[in-house]
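Participant: I have a structure here, written as C-alpha cells, and I will follow up with some questions on it.
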Amino acid sequence: MLLPSITTEDTLYNVIAVSTILAVAFIVLMTCRVILRPQIGKWVEHTKNTWDDALFAHGFFRQLMHLIPAVIIFISTPVLIDDIGILQGFLIKAAQIYMLFTTLLALYAILNTLEDKYNESHLSQRASITGFIQVAKLFLAIMVLLFSISLIIEKSPLIIVSGLTALAAVLILVFKDTIMGFVAGIQIAANRMFNTGDWIQMDKFGVDGEIMELGLTNVKVQNWDKTISTIPSYSLVNEAVKNWRGMQLSGGRRIKRAIHIDMHSVKLCDQEMLKRFSQIRYISEYIDDKVNELRVYHKDYSIDESDLLNTRKLTNIGTFRAYIEAYLNKHPKINQSLTVMVRQLPPNEVGLPLEIYCFSAEKAWVEYEKIQANIFDHLLAMMPLFDLRVFQRDAHLMAVPSSNVQLEQNIKAKGESD
C-alpha cells in the first residue's frame with residue numbers, strides 16, 4: 001500500500017475518498033455529455049415521432065444524464081466512507097437532493113413538451129393549458145421542496161405538512177394571486193372565454209391587442225403599438241373585457257360611422273334635380289319608381305303638381321340615402337349576408353347624422369381600414385351632386401376678426417373719454 005498508515009478515520013483518507021467520488025461522477029457526466037448526448041440527438045433526428053424531438057429540445061435527456069453521477073455518489077459513498085462521522089450522511093443526502101431536483105427538471109421538460117404539442121393541435125384554439133401547466137410545476141416544486149427538507153431534518157414529509165397548517169393564513173396571503181389566478185384559469189378554460197391569440201380590449205388597463213400568453217398569475221398582451229402589457233389573470237374574469245374573437249370568427253367586421261350633414265342644405269327635389277339623379281346608375285330605377293308612385297298618388301287625390309303645399313316630393317337627403325344603400329348593396333367588399341343599413345340619427349348641434357351600418361368582408365385591420373376609407377371617400381365626393389353639404393365647424397367663422405375687436409376697443413375708449 002502507498003499510504004499504509006492511513007485509516008478510514010483519518011481526515012486525509014476522507015479528503016481522498018470524497019475527491020475520488022466527485023471526480024468519477026464528474027468524468028462520467030462529461031462522458032455522457034460528449035458521447036451519449038450526441039448519439040441520442042442522432043437517434044431522435046432519425047425517428048418519425050416528433051415527441052422525442054420536443055423532449056430533446058427541452059433538455060429532458062440532458063436532465064436524465066445528471067441522475068447518473070448522483071447515483072454514483074449515492075452508491076459509492078457508503079462503500080468508501082464510514083458512517084461514523086457526518087460526512088457520509090451529508091454526501092448521501094446531497095446526492096438524494098441532487099436526484100430530486102434533477103427529476104424535477106426532467107418533469108418540467110415533459111410538461112413543457114406537453115404544452116408545446118397541445119399548442120400545435122387544434123384543441124389549443126378552444127382553451128389554453130398554460131395556467132394548468134404552471135400549477136403542475138408549482139405543485140411539483142412544492143413536493144420536491146418538502147421531500148428535500150424532510151431529508152435534511154430526517155423527518156416525515158407529513159409532519160412538515162402538518163406543521164405548515166399553522167401558517168395557512170400566511171400561505172394564503174403569499175399565494176393569493178396564484179390561487180385567484182388558478183380559479184380564474186379554471187373559469188376561463190371551462191367557459192372558453194379567452195385563448196392565446198384572441199384580440200382583447202380593456203380600457204381600464206389600456207390594453208388593446210392579442211393575448212400572447214395565458215399564465216397562472218399573469219396574462220401577456222401585445223398591443224397594436226407593439227408594446228407588451230401584463231395584467232393579472234383574474235382581471236379577465238373580474239373586469240370588463242371586450243373580446244373580438246366573435247368578429248374574427250364571423251363573416252365580417254362592422255363599419256359603423258356617420259356623416260354629419262348640414263341641415264341647411266336639405267331641400268325638396270325639383271325637376272332638374274330629378275333629371276340629374278335619374279342619370280346615376282345605382283338609383284336610376286329608384287327615381288323612376290318614385291316619380292311614377294308620386295304621379296299616381298297625385299292623380300288619385302286630384303292634387304295639382306304645381307300645388308307646393310299639398311304635393312309630395314322627394315328630398316335630396318332621402319335620395320342620397322337611397323343611393324348609399326344601393327351603393328353598399330353593390331359593393332364587392334361588403335358582406336351582403338349581414339346587416340346593411342343607412343339610418344338617420346337624431347339631429348344635434350353638429351347637423352343631421354347619417355349613419356352607415358354594414359360589415360366589411362375583409363377582417364384584417366389594414367384591408368378593413370382601406371375599405372372603410374374608400375367608401376366614405378366616395379360618399380363625401382358624391383354629396384355635392386345631391387346638393388348636400390357636410391357640417392363642419394369653421395374656426396375662422398366663429399372667431400371675431402381682429403379688426404372688429406380693435407374697432408370695438410376704439411369706440412369704447414372714445415365713449416369713456418366723452
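Just remember, in the C-alpha cells the first chain shown is A, the second B, etc., residues are 1-based per chain, and ligands are 1-based in the order shown.
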Mind dumping a table of every segment 320-353 of chain A residue within 10 Å of segment 365-383 of chain A, with the nearest atom pair and its distance in Å to one decimal, using only C-alpha atoms, sorted by chain and rising number, as a Markdown table?
Facilitator:
| residue | atom | partner | partner_atom | distance |
| --- | --- | --- | --- | --- |
| A:Phe320 | CA | A:Met383 | CA | 7.6 |
| A:Tyr323 | CA | A:Leu379 | CA | 9.4 |
| A:Ile324 | CA | A:Leu379 | CA | 7.5 |
| A:Tyr327 | CA | A:Ile375 | CA | 9.1 |
| A:Leu328 | CA | A:Ile375 | CA | 8.5 |
| A:His331 | CA | A:Ile375 | CA | 9.0 |
| A:Lys333 | CA | A:Ile371 | CA | 7.2 |
| A:Ile334 | CA | A:Ile371 | CA | 8.8 |
Participant: Can you list, as a list of chain:residue names, every protein, DNA or RNA residue that comes within 10 Å of Leu236 of chain A when you count only C-alpha atoms, leaving out same-chain residues fewer than 6 positions away?
Facilitator: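 That gives A:Gly181, A:Ala184, A:Gly185, A:Gln187, A:Ile188, A:Met193, A:Phe194, A:Ile200, A:Met202, A:Val219, A:Lys242.
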Participant: For the residues in that selection, give me C-alpha atoms as a JSON list (two decimals), in the first residue's frame.
Facilitator:
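Printed below is again_26.json as written:
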[["chain", "number", "residue", "atom", "x", "y", "z"],
["A", 181, "GLY", "CA", -55.27, 33.04, -10.96],
["A", 184, "ALA", "CA", -59.79, 32.24, -12.91],
["A", 185, "GLY", "CA", -57.93, 29.83, -15.19],
["A", 187, "GLN", "CA", -63.35, 29.52, -15.25],
["A", 188, "ILE", "CA", -61.68, 30.71, -18.46],
["A", 193, "MET", "CA", -63.78, 32.79, -22.50],
["A", 194, "PHE", "CA", -60.28, 33.59, -23.77],
["A", 200, "ILE", "CA", -58.99, 41.76, -26.30],
["A", 202, "MET", "CA", -59.53, 46.56, -21.63],
["A", 219, "VAL", "CA", -51.57, 37.45, -18.90],
["A", 242, "LYS", "CA", -64.11, 43.14, -24.89]]
Participant: Counting only C-alpha atoms, figure out which residue out of A:Val241, A:Val340, A:Val135, A:Ile35 gets nearest to Leu111 of chain A.
Facilitator: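 For Leu111 of chain A, the nearest of the candidates is A:Val135.
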Participant: Excluding Leu22 of chain A and residues on its chain fewer than 5 positions from it, collect all residues at most 12 Å away from it, counting only C-alpha atoms, and give them as a ChimeraX atom specification.
Facilitator: /A:15-17,27-29,69-74,76-77,91,94-95
Participant: Segment 199-381 of chain A: which residues are alpha helix (DSSP H) by DSSP, as a PyMOL selection string?
Facilitator: chain A and resi 235-238+245-249+271-277+284-300+316-330+365-381
